[in-house]
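**Q** Just upload_25.txt, nothing more (compact mmCIF, C-alpha atoms):
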```
# COMPACT_ATOMS: atom_id res chain seq x y z
CA MET A 51 -18.20 -29.38 -41.44
CA SER A 52 -18.60 -28.53 -37.78
CA LEU A 53 -18.35 -25.03 -36.36
CA PRO A 54 -14.97 -25.57 -34.66
CA ASP A 55 -13.49 -26.66 -37.98
CA GLN A 56 -14.92 -23.63 -39.75
CA ARG A 57 -13.30 -21.44 -37.13
CA ARG A 58 -9.95 -23.13 -37.60
CA VAL A 59 -10.12 -22.55 -41.30
CA GLY A 60 -11.79 -19.17 -41.55
CA ARG A 61 -10.37 -17.14 -38.70
CA PRO A 62 -6.86 -16.14 -37.78
CA SER A 63 -5.50 -18.56 -35.21
CA ARG A 64 -5.91 -17.36 -31.65
CA PRO A 65 -3.35 -18.29 -28.98
CA VAL A 66 -4.53 -21.08 -26.71
CA LEU A 67 -6.02 -19.78 -23.45
CA ASP A 68 -3.73 -20.56 -20.53
CA ARG A 69 -2.89 -19.21 -17.10
CA HIS A 70 -0.02 -17.15 -18.47
CA ARG A 71 -2.26 -15.28 -20.92
CA ILE A 72 -4.93 -14.76 -18.27
CA ALA A 73 -2.35 -13.37 -15.85
CA GLU A 74 -0.95 -10.93 -18.44
CA ALA A 75 -4.41 -9.69 -19.40
CA ALA A 76 -5.49 -9.30 -15.76
CA LEU A 77 -2.32 -7.39 -14.93
CA THR A 78 -2.79 -5.01 -17.85
CA LEU A 79 -6.44 -4.51 -16.92
CA VAL A 80 -5.68 -3.69 -13.26
CA ASP A 81 -2.73 -1.47 -14.22
CA GLU A 82 -5.02 0.47 -16.55
CA THR A 83 -8.29 0.57 -14.64
CA GLY A 84 -7.57 -0.36 -11.01
CA ASP A 85 -9.91 -3.35 -11.17
CA PHE A 86 -10.97 -6.37 -13.18
CA THR A 87 -14.13 -8.38 -13.75
CA LEU A 88 -14.21 -11.88 -15.18
CA PRO A 89 -16.47 -10.83 -18.11
CA GLU A 90 -14.14 -7.95 -19.02
CA LEU A 91 -11.12 -10.22 -18.72
CA ALA A 92 -12.82 -12.78 -20.98
CA ARG A 93 -13.71 -10.06 -23.49
CA ARG A 94 -10.10 -8.90 -23.70
CA LEU A 95 -8.92 -12.47 -24.17
CA GLY A 96 -11.54 -13.09 -26.85
CA VAL A 97 -13.17 -15.95 -24.97
CA GLN A 98 -16.45 -16.59 -23.16
CA THR A 99 -16.42 -16.04 -19.39
CA PRO A 100 -17.00 -19.74 -18.51
CA SER A 101 -13.79 -20.65 -20.39
CA LEU A 102 -11.81 -18.81 -17.71
CA TYR A 103 -13.06 -21.27 -15.11
CA HIS A 104 -11.19 -24.09 -16.84
CA HIS A 105 -7.98 -22.34 -15.79
CA VAL A 106 -8.65 -20.29 -12.65
CA ASP A 107 -10.89 -20.58 -9.61
CA GLY A 108 -12.96 -17.46 -10.24
CA ARG A 109 -12.02 -14.00 -9.04
CA ALA A 110 -9.87 -15.23 -6.14
CA GLY A 111 -8.01 -17.44 -8.59
CA VAL A 112 -7.22 -14.44 -10.79
CA VAL A 113 -5.87 -12.55 -7.76
CA GLU A 114 -3.57 -15.51 -7.05
CA LEU A 115 -2.46 -15.40 -10.69
CA LEU A 116 -1.65 -11.70 -10.22
CA ARG A 117 0.33 -12.59 -7.11
CA GLU A 118 2.32 -15.21 -9.02
CA ARG A 119 2.84 -12.81 -11.94
CA ILE A 120 4.20 -10.04 -9.68
CA GLY A 121 6.16 -12.69 -7.77
CA GLN A 122 8.00 -13.64 -10.96
CA GLY A 123 9.70 -10.24 -10.71
CA ILE A 124 10.99 -11.04 -7.21
CA ASP A 125 14.35 -12.76 -7.05
CA ALA A 126 13.71 -15.50 -4.47
CA SER A 127 17.22 -16.88 -5.00
CA GLN A 128 18.37 -13.97 -2.80
CA LEU A 129 17.02 -15.99 0.11
CA GLU A 130 19.92 -18.43 -0.42
CA LEU A 131 22.42 -15.69 0.51
CA ARG A 132 23.97 -15.61 3.97
CA PRO A 133 23.96 -14.22 6.60
CA TRP A 134 20.18 -14.14 6.98
CA ASP A 135 19.83 -10.36 7.12
CA VAL A 136 21.71 -9.92 3.85
CA ALA A 137 19.35 -12.52 2.35
CA LEU A 138 16.21 -10.82 3.66
CA GLY A 139 17.50 -7.36 2.73
CA ALA A 140 18.23 -8.39 -0.87
CA PHE A 141 14.92 -10.25 -1.14
CA PHE A 142 12.92 -7.27 0.16
CA ARG A 143 14.71 -4.87 -2.22
CA SER A 144 13.69 -7.08 -5.12
CA TYR A 145 10.17 -7.35 -3.64
CA ARG A 146 9.85 -3.55 -3.47
CA ASP A 147 10.89 -3.13 -7.10
CA ALA A 148 8.43 -5.77 -8.31
CA PHE A 149 5.48 -4.21 -6.46
CA ALA A 150 6.46 -0.65 -7.37
CA ALA A 151 5.97 -1.48 -11.06
CA HIS A 152 2.28 -2.26 -10.42
CA PRO A 153 0.98 -0.04 -7.60
CA ARG A 154 -2.70 -0.57 -8.45
CA VAL A 155 -2.33 -4.33 -8.03
CA VAL A 156 -1.11 -3.89 -4.45
CA PRO A 157 -4.50 -3.60 -2.69
CA PHE A 158 -5.68 -6.83 -4.34
CA LEU A 159 -2.67 -8.79 -3.08
CA THR A 160 -2.69 -7.36 0.43
CA THR A 161 -6.39 -7.91 1.06
CA THR A 162 -6.60 -11.52 -0.18
CA ALA A 163 -5.26 -14.63 1.54
CA VAL A 164 -2.05 -16.05 0.05
CA ARG A 165 -2.47 -19.48 -1.61
CA SER A 166 0.15 -19.27 -4.35
CA PRO A 167 2.72 -22.09 -3.90
CA GLN A 168 5.66 -19.87 -4.97
CA THR A 169 4.75 -17.16 -2.47
CA LEU A 170 4.22 -19.70 0.30
CA ALA A 171 7.61 -21.25 -0.52
CA ALA A 172 9.33 -17.84 -0.16
CA TYR A 173 7.66 -17.29 3.21
CA ASP A 174 8.63 -20.77 4.30
CA ARG A 175 12.26 -20.03 3.45
CA MET A 176 12.15 -16.71 5.32
CA VAL A 177 10.70 -18.29 8.46
CA GLY A 178 13.35 -21.02 8.15
CA LEU A 179 16.10 -18.37 8.02
CA LEU A 180 14.77 -16.68 11.15
CA LYS A 181 14.51 -20.04 12.91
CA GLU A 182 18.16 -20.77 12.06
CA VAL A 183 19.25 -17.65 13.95
CA GLY A 184 17.00 -18.34 16.91
CA VAL A 185 14.05 -16.00 16.34
CA PRO A 186 11.18 -17.53 18.35
CA SER A 187 8.46 -19.10 16.23
CA ALA A 188 5.84 -17.04 18.09
CA GLN A 189 7.42 -13.80 16.81
CA ALA A 190 8.49 -14.79 13.30
CA MET A 191 5.21 -13.87 11.59
CA ALA A 192 5.00 -10.48 13.33
CA PHE A 193 8.58 -9.68 12.28
CA LEU A 194 8.09 -10.76 8.67
CA THR A 195 4.71 -9.03 8.43
CA ALA A 196 6.19 -5.78 9.73
CA CYS A 197 8.96 -5.99 7.12
CA GLU A 198 6.48 -6.82 4.39
CA ASN A 199 4.15 -3.95 5.34
CA PHE A 200 7.10 -1.60 5.21
CA VAL A 201 8.22 -2.98 1.85
CA ILE A 202 4.74 -2.63 0.35
CA GLY A 203 4.38 0.95 1.57
CA SER A 204 7.86 1.68 0.23
CA ALA A 205 6.92 0.16 -3.13
CA LEU A 206 4.02 2.58 -3.39
CA ASP A 207 6.39 5.38 -2.40
CA LEU A 208 8.83 4.31 -5.12
CA ALA A 209 5.98 4.71 -7.61
CA ALA A 210 5.38 8.24 -6.31
CA PRO A 211 6.53 11.44 -8.02
CA ASP A 212 10.02 12.72 -7.18
CA VAL A 213 8.51 15.83 -5.64
CA MET A 214 5.95 14.38 -3.23
CA TRP A 215 5.17 17.55 -1.25
CA GLU A 216 4.14 20.74 -2.99
CA ILE A 217 3.57 23.65 -0.63
CA PRO A 218 1.25 26.23 -2.26
CA GLU A 219 2.17 29.90 -1.80
CA ASP A 220 -0.72 30.55 0.58
CA VAL A 221 0.20 27.66 2.92
CA ASP A 222 2.62 28.27 5.79
CA ALA A 223 4.69 25.14 6.54
CA PRO A 224 8.15 26.43 7.55
CA HIS A 225 9.42 23.23 9.23
CA LEU A 226 8.37 21.05 6.32
CA ALA A 227 9.82 23.50 3.78
CA SER A 228 13.13 23.51 5.62
CA ALA A 229 13.23 19.70 5.89
CA LEU A 230 12.44 19.38 2.17
CA THR A 231 15.21 21.76 1.11
CA GLY A 232 17.54 20.19 3.69
CA GLN A 233 17.33 16.64 2.31
CA SER A 234 20.82 15.36 1.62
CA ASN A 235 19.98 13.48 -1.60
CA PRO A 236 16.47 14.51 -2.66
CA GLU A 237 16.82 12.53 -5.90
CA HIS A 238 17.17 9.41 -3.73
CA ARG A 239 14.27 10.42 -1.44
CA ALA A 240 12.46 7.07 -1.65
CA ASP A 241 15.64 4.97 -1.47
CA ASN A 242 16.94 6.84 1.59
CA ALA A 243 13.70 6.25 3.49
CA PHE A 244 13.59 2.61 2.40
CA GLU A 245 17.15 1.79 3.42
CA PHE A 246 16.72 3.51 6.77
CA GLY A 247 13.55 1.56 7.57
CA LEU A 248 14.78 -1.77 6.22
CA SER A 249 18.07 -1.70 8.13
CA THR A 250 16.22 -0.60 11.27
CA LEU A 251 13.69 -3.44 11.08
CA LEU A 252 16.33 -6.08 10.32
CA ALA A 253 18.54 -4.84 13.18
CA SER A 254 15.57 -5.05 15.52
CA ILE A 255 14.79 -8.61 14.44
CA ALA A 256 18.47 -9.42 15.08
CA ALA A 257 18.00 -8.24 18.64
CA HIS A 258 15.05 -10.70 18.94
CA SER A 259 13.08 -8.36 21.11
CA TYR A 260 10.62 -5.51 20.88
CA ARG A 261 12.29 -2.25 21.73
CA ARG A 262 9.95 -0.58 24.20
CA ARG A 263 10.56 2.34 26.45
CA PRO A 264 10.57 1.34 30.15
CA GLU A 265 7.38 3.31 30.97
CA GLN A 266 5.48 1.35 28.33
CA GLU A 267 6.29 -1.86 30.19
CA ALA A 268 4.58 -0.59 33.36
CA PRO A 269 0.88 -1.41 33.79
CA MET B 229 -41.48 29.35 -18.31
CA SER B 230 -37.80 28.50 -18.75
CA LEU B 231 -36.33 25.05 -18.29
CA PRO B 232 -34.53 25.86 -15.01
CA ASP B 233 -37.83 27.06 -13.50
CA GLN B 234 -39.61 23.95 -14.67
CA ARG B 235 -36.93 21.88 -13.02
CA ARG B 236 -37.28 23.77 -9.75
CA VAL B 237 -41.01 23.18 -9.73
CA GLY B 238 -41.29 19.75 -11.24
CA ARG B 239 -38.34 17.83 -9.84
CA PRO B 240 -37.25 17.04 -6.30
CA SER B 241 -34.69 19.53 -5.12
CA ARG B 242 -31.13 18.38 -5.60
CA PRO B 243 -28.45 19.25 -3.04
CA VAL B 244 -26.10 22.02 -4.14
CA LEU B 245 -22.86 20.67 -5.62
CA ASP B 246 -19.93 21.33 -3.31
CA ARG B 247 -16.54 19.87 -2.48
CA HIS B 248 -17.97 17.77 0.34
CA ARG B 249 -20.46 16.00 -1.95
CA ILE B 250 -17.83 15.50 -4.65
CA ALA B 251 -15.45 13.97 -2.07
CA GLU B 252 -18.08 11.56 -0.75
CA ALA B 253 -19.09 10.45 -4.25
CA ALA B 254 -15.45 9.98 -5.33
CA LEU B 255 -14.68 7.96 -2.20
CA THR B 256 -17.66 5.67 -2.76
CA LEU B 257 -16.73 5.26 -6.42
CA VAL B 258 -13.10 4.32 -5.67
CA ASP B 259 -14.13 2.04 -2.79
CA GLU B 260 -16.49 0.22 -5.14
CA THR B 261 -14.57 0.16 -8.40
CA GLY B 262 -10.93 0.99 -7.63
CA ASP B 263 -10.98 4.03 -9.90
CA PHE B 264 -12.90 7.13 -10.89
CA THR B 265 -13.39 9.24 -13.98
CA LEU B 266 -14.73 12.78 -13.97
CA PRO B 267 -17.66 11.87 -16.29
CA GLU B 268 -18.66 8.94 -14.04
CA LEU B 269 -18.33 11.13 -10.96
CA ALA B 270 -20.52 13.80 -12.58
CA ARG B 271 -23.08 11.17 -13.57
CA ARG B 272 -23.35 9.90 -10.00
CA LEU B 273 -23.75 13.45 -8.72
CA GLY B 274 -26.38 14.21 -11.35
CA VAL B 275 -24.41 17.08 -12.89
CA GLN B 276 -22.57 17.76 -16.13
CA THR B 277 -18.82 17.11 -16.09
CA PRO B 278 -17.84 20.81 -16.59
CA SER B 279 -19.70 21.68 -13.34
CA LEU B 280 -17.10 19.70 -11.41
CA TYR B 281 -14.41 22.11 -12.57
CA HIS B 282 -16.08 24.93 -10.63
CA HIS B 283 -15.11 23.08 -7.45
CA VAL B 284 -12.03 20.97 -8.18
CA ASP B 285 -8.97 21.26 -10.39
CA GLY B 286 -9.65 18.20 -12.54
CA ARG B 287 -8.56 14.70 -11.71
CA ALA B 288 -5.63 15.78 -9.50
CA GLY B 289 -8.04 18.00 -7.59
CA VAL B 290 -10.32 15.03 -6.90
CA VAL B 291 -7.35 13.03 -5.58
CA GLU B 292 -6.57 15.90 -3.18
CA LEU B 293 -10.23 15.86 -2.10
CA LEU B 294 -9.86 12.13 -1.40
CA ARG B 295 -6.74 12.88 0.62
CA GLU B 296 -8.59 15.49 2.68
CA ARG B 297 -11.57 13.18 3.13
CA ILE B 298 -9.39 10.29 4.41
CA GLY B 299 -7.42 12.82 6.46
CA GLN B 300 -10.59 13.81 8.32
CA GLY B 301 -10.45 10.38 9.92
CA ILE B 302 -6.93 11.04 11.23
CA ASP B 303 -6.75 12.67 14.65
CA ALA B 304 -4.08 15.34 14.11
CA SER B 305 -4.60 16.62 17.65
CA GLN B 306 -2.51 13.62 18.74
CA LEU B 307 0.48 15.59 17.46
CA GLU B 308 0.02 17.94 20.41
CA LEU B 309 0.83 15.11 22.85
CA ARG B 310 4.29 14.89 24.43
CA PRO B 311 6.85 13.41 24.40
CA TRP B 312 7.28 13.46 20.65
CA ASP B 313 7.31 9.67 20.17
CA VAL B 314 4.01 9.27 22.00
CA ALA B 315 2.60 11.97 19.71
CA LEU B 316 3.89 10.33 16.54
CA GLY B 317 2.83 6.87 17.73
CA ALA B 318 -0.74 7.99 18.44
CA PHE B 319 -0.92 9.93 15.19
CA PHE B 320 0.30 6.99 13.12
CA ARG B 321 -2.16 4.60 14.81
CA SER B 322 -4.98 6.93 13.82
CA TYR B 323 -3.46 7.25 10.33
CA ARG B 324 -3.40 3.47 9.91
CA ASP B 325 -7.06 3.12 10.90
CA ALA B 326 -8.17 5.87 8.52
CA PHE B 327 -6.34 4.34 5.54
CA ALA B 328 -7.38 0.78 6.42
CA ALA B 329 -11.03 1.73 5.93
CA HIS B 330 -10.34 2.59 2.27
CA PRO B 331 -7.58 0.32 0.92
CA ARG B 332 -8.38 0.97 -2.74
CA VAL B 333 -7.86 4.71 -2.27
CA VAL B 334 -4.30 4.14 -1.04
CA PRO B 335 -2.52 3.89 -4.43
CA PHE B 336 -4.08 7.20 -5.52
CA LEU B 337 -2.79 9.03 -2.47
CA THR B 338 0.68 7.51 -2.50
CA THR B 339 1.35 8.16 -6.18
CA THR B 340 0.24 11.81 -6.29
CA ALA B 341 2.03 14.84 -4.84
CA VAL B 342 0.55 16.21 -1.60
CA ARG B 343 -1.00 19.68 -1.93
CA SER B 344 -3.77 19.49 0.67
CA PRO B 345 -3.25 22.21 3.33
CA GLN B 346 -4.40 19.93 6.20
CA THR B 347 -1.97 17.19 5.21
CA LEU B 348 0.87 19.66 4.77
CA ALA B 349 0.08 21.13 8.22
CA ALA B 350 0.33 17.67 9.83
CA TYR B 351 3.69 17.06 8.16
CA ASP B 352 4.87 20.48 9.24
CA ARG B 353 3.98 19.66 12.84
CA MET B 354 5.75 16.29 12.66
CA VAL B 355 8.94 17.82 11.28
CA GLY B 356 8.68 20.48 14.02
CA LEU B 357 8.45 17.74 16.67
CA LEU B 358 11.55 16.01 15.31
CA LYS B 359 13.40 19.32 15.16
CA GLU B 360 12.57 19.98 18.83
CA VAL B 361 14.33 16.78 19.85
CA GLY B 362 17.32 17.43 17.64
CA VAL B 363 16.73 15.22 14.63
CA PRO B 364 18.80 16.75 11.81
CA SER B 365 16.75 18.45 9.13
CA ALA B 366 18.57 16.42 6.46
CA GLN B 367 17.18 13.18 7.93
CA ALA B 368 13.69 14.23 8.99
CA MET B 369 11.98 13.46 5.67
CA ALA B 370 13.62 10.02 5.38
CA PHE B 371 12.52 9.16 8.93
CA LEU B 372 8.94 10.35 8.44
CA THR B 373 8.68 8.73 5.01
CA ALA B 374 9.87 5.40 6.40
CA CYS B 375 7.24 5.60 9.16
CA GLU B 376 4.56 6.58 6.69
CA ASN B 377 5.45 3.76 4.28
CA PHE B 378 5.23 1.34 7.16
CA VAL B 379 1.90 2.77 8.29
CA ILE B 380 0.42 2.58 4.80
CA GLY B 381 1.54 -1.03 4.34
CA SER B 382 0.14 -1.82 7.79
CA ALA B 383 -3.17 -0.17 6.89
CA LEU B 384 -3.46 -2.50 3.90
CA ASP B 385 -2.58 -5.40 6.19
CA LEU B 386 -5.29 -4.33 8.66
CA ALA B 387 -7.76 -4.55 5.78
CA ALA B 388 -6.56 -8.11 5.07
CA PRO B 389 -8.37 -11.29 6.13
CA ASP B 390 -7.57 -12.69 9.60
CA VAL B 391 -6.13 -15.79 7.99
CA MET B 392 -3.67 -14.33 5.49
CA TRP B 393 -1.77 -17.53 4.64
CA GLU B 394 -3.59 -20.63 3.51
CA ILE B 395 -1.33 -23.60 2.85
CA PRO B 396 -3.01 -26.05 0.43
CA GLU B 397 -2.67 -29.76 1.26
CA ASP B 398 -0.27 -30.39 -1.62
CA VAL B 399 2.14 -27.60 -0.63
CA ASP B 400 4.97 -28.37 1.78
CA ALA B 401 5.80 -25.34 3.97
CA PRO B 402 6.74 -26.76 7.38
CA HIS B 403 8.51 -23.66 8.76
CA LEU B 404 5.66 -21.36 7.75
CA ALA B 405 3.05 -23.77 9.12
CA SER B 406 4.86 -23.94 12.44
CA ALA B 407 5.23 -20.15 12.66
CA LEU B 408 1.53 -19.68 11.86
CA THR B 409 0.37 -22.10 14.55
CA GLY B 410 2.99 -20.68 16.94
CA GLN B 411 1.69 -17.09 16.81
CA SER B 412 1.02 -15.89 20.34
CA ASN B 413 -2.15 -13.91 19.55
CA PRO B 414 -3.21 -14.80 16.01
CA GLU B 415 -6.38 -12.73 16.40
CA HIS B 416 -4.12 -9.69 16.83
CA ARG B 417 -1.84 -10.69 13.93
CA ALA B 418 -1.92 -7.28 12.22
CA ASP B 419 -1.71 -5.28 15.46
CA ASN B 420 1.28 -7.28 16.72
CA ALA B 421 3.21 -6.65 13.51
CA PHE B 422 2.24 -2.97 13.50
CA GLU B 423 3.25 -2.28 17.09
CA PHE B 424 6.56 -4.09 16.63
CA GLY B 425 7.43 -2.06 13.53
CA LEU B 426 6.17 1.26 14.85
CA SER B 427 8.07 1.04 18.15
CA THR B 428 11.18 -0.11 16.28
CA LEU B 429 11.10 2.81 13.84
CA LEU B 430 10.41 5.39 16.55
CA ALA B 431 13.20 4.01 18.74
CA SER B 432 15.56 4.24 15.80
CA ILE B 433 14.60 7.85 15.13
CA ALA B 434 15.24 8.54 18.80
CA ALA B 435 18.77 7.26 18.33
CA HIS B 436 19.18 9.79 15.43
CA SER B 437 21.29 7.42 13.44
CA TYR B 438 21.03 4.61 10.95
CA ARG B 439 21.76 1.32 12.65
CA ARG B 440 24.22 -0.44 10.39
CA ARG B 441 26.31 -3.45 11.11
CA PRO B 442 30.06 -2.67 11.11
CA GLU B 443 30.82 -4.85 8.06
CA GLN B 444 28.30 -2.86 6.01
CA GLU B 445 30.31 0.28 6.66
CA ALA B 446 33.43 -1.25 5.11
CA PRO B 447 34.00 -0.75 1.37
```
Show me the file's structure as structure tokens.

**A**
Amino acid sequence: MSLPDQRRVGRPSRPVLDRHRIAEAALTLVDETGDFTLPELARRLGVQTPSLYHHVDGRAGVVELLRERIGQGIDASQLELRPWDVALGAFFRSYRDAFAAHPRVVPFLTTTAVRSPQTLAAYDRMVGLLKEVGVPSAQAMAFLTACENFVIGSALDLAAPDVMWEIPEDVDAPHLASALTGQSNPEHRADNAFEFGLSTLLASIAAHSYRRRPEQEAP
Amino acid sequence: MSLPDQRRVGRPSRPVLDRHRIAEAALTLVDETGDFTLPELARRLGVQTPSLYHHVDGRAGVVELLRERIGQGIDASQLELRPWDVALGAFFRSYRDAFAAHPRVVPFLTTTAVRSPQTLAAYDRMVGLLKEVGVPSAQAMAFLTACENFVIGSALDLAAPDVMWEIPEDVDAPHLASALTGQSNPEHRADNAFEFGLSTLLASIAAHSYRRRPEQEAP
């Protein structure tokens, strides 16, 4: 009897290795430790490291799996809404929530080129929406990137503690203290900041132009 | 002869443990591995873990050291510039650069309450600037938080590869492809997005009001 057969008989069955299981294990690992290595990922999955290469293209491939896994939490159907700014607003709200659940994954996704088909499809739809309302192609990426940067920063902020500023007794910060106590809905601190920034950025895209002060236009 | 004396004679002198050395070691550790533990930090510094507690208040204390260390790269003197939006713009540009150099530190700083006196002083000055130009206290934190979220997301974007979207041959994304080739200065991709968002947010703060479309005001 060959070794594989012995394993089938003598050991509890182990789920087949697939991209889904690799993604879940990588997400848990990064959530817990802030990083992953292929050997550690293999160890957690109970396989040898080379087995991973049958399913993913090395470390970069695992990052793309993480991107797809986080992306599953984003409701891309929102991009079918109209008008375009309602669609983008709803999409970016969903985007913020999905990233906020996994703050330690964020630096991996933002510092690695996007190759995941689902993510590319969402971007393609967003650019298409902007094109429909006449945003010049040359500016579309800058607009979307600005929104995305804001959404990612806001996701990290959503994962922050409710009380984000703690002024020790020996530190004098009267303006900050007054602004903190003066917040209208401190329990919605992160949401207030997010909605202000999101509506501002979308309104600016609607105007199709950078808002610069006249003196900045001068040489 | 006691053991400490033997060590003084027989071993190369070791720099005195202080907050500066702990900060540098923690920064290197997080840059390299995405995380830190107090035992690992102590090991790298060649000390026992309890020695760290003479200088920092545990793990949270190390995060505040990281915040101060990154903050040293931010030019807070920019906040003395006038008018206020030039001051905030210059400060946030410096802030982006400082965070972009250490993307893996970002989730630690954004998910932990701020207690560092230098950071609190910078916030106090920013709120003071907004107060001077009549921004209501109740809105100051939302405005600054929105800017900061945008800056942090933009810092991660600055740490991203120049080519952030790679469309594989078998993926159809015509709008995205056209927007990518249509970028006016692709080599300044991240800067273009940052300057658009920053000027937009500052202009909106100048207007002291959320920009909402009339139909969003209706019930």

**Q** Just the number, please: distance in Å from atom CA of B:Asp398 to atom CA of A:His70, one decimal.

**A**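 So the answer is 21.4 Å.
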
**Q** Is there a way to get, as a PyMOL selection string, all residues within 12 Å of the point (4.9, 16.0, 21.2) in file coordinates, counting all atoms listed in the file?

**A** chain B and resi 304-319+353-361

**Q** Show me the residues around (12.7, 9.5, 14.3) - criterion: an atom at most 8 Å away, all atoms listed in the file counted - as a ChimeraX atom specification.

**A** /B:313,358,363,368,371-372,429-436

**Q** Give me, please, the distance in Å between atom CA of B:Gln346 and atom CA of B:Val284, quoted to one decimal.

**A**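 It comes out at 16.3 Å.
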
**Q** Of the candidates A:Ala163, A:Ile120, A:Val156, A:Ala205, which one gets nearest to chain B if we count all atoms listed in the file?

**A**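 Between A:Ala163, A:Ile120, A:Val156, A:Ala205, the residue approaching chain B most closely is A:Ala163.
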
**Q** Taking 3 positions as the minimum chain separation for residues in the same chain, which residues sit within 6 Å of stretch 108-118 of chain A when counting all atoms listed in the file? Answer as a ChimeraX atom specification.

**A** /A:73,121,166

**Q** Which one of B:Pro243, B:Gly262, B:Gly362, B:Pro414 sits closest to chain A if you count only C-alpha atoms?

**A**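 Going through B:Pro243, B:Gly262, B:Gly362, B:Pro414 one by one, the smallest distance to chain A is for B:Gly262.
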
**Q** One decimal, Å: what's the distance from atom CA of A:Leu170 over to atom CA of A:Gly247, could you say?

**A** 24.3 Å

**Q** Point out the residue among B:Asn420, B:Thr338, B:Thr428, B:Ser406 with the least atom-to-atom distance to B:Asn377, counting all atoms listed in the file.

**A** B:Thr338

**Q** Do a neighbour search on stretch 252-259 of chain B at 7 Å with all atoms listed in the file, toss out local chain neighbours closer than 6 positions, and write the hits as an NGL selection string.

**A** :B and (269 or 294 or 330 or 332-333)

**Q** Could you check which of B:Leu245, B:Ala405, B:Leu426, B:Ala374 is closest to chain A, using only C-alpha atoms?

**A**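 Checking each of B:Leu245, B:Ala405, B:Leu426, B:Ala374 against chain A, counting only C-alpha atoms, the winner is B:Ala374.
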
**Q** Rank nothing, just name the residue among B:Asp303, B:Asp419, B:Glu376, B:Asp352 nearest to chain A, using all atoms listed in the file.

**A**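 Nearest candidate to chain A out of B:Asp303, B:Asp419, B:Glu376, B:Asp352: B:Asp352.
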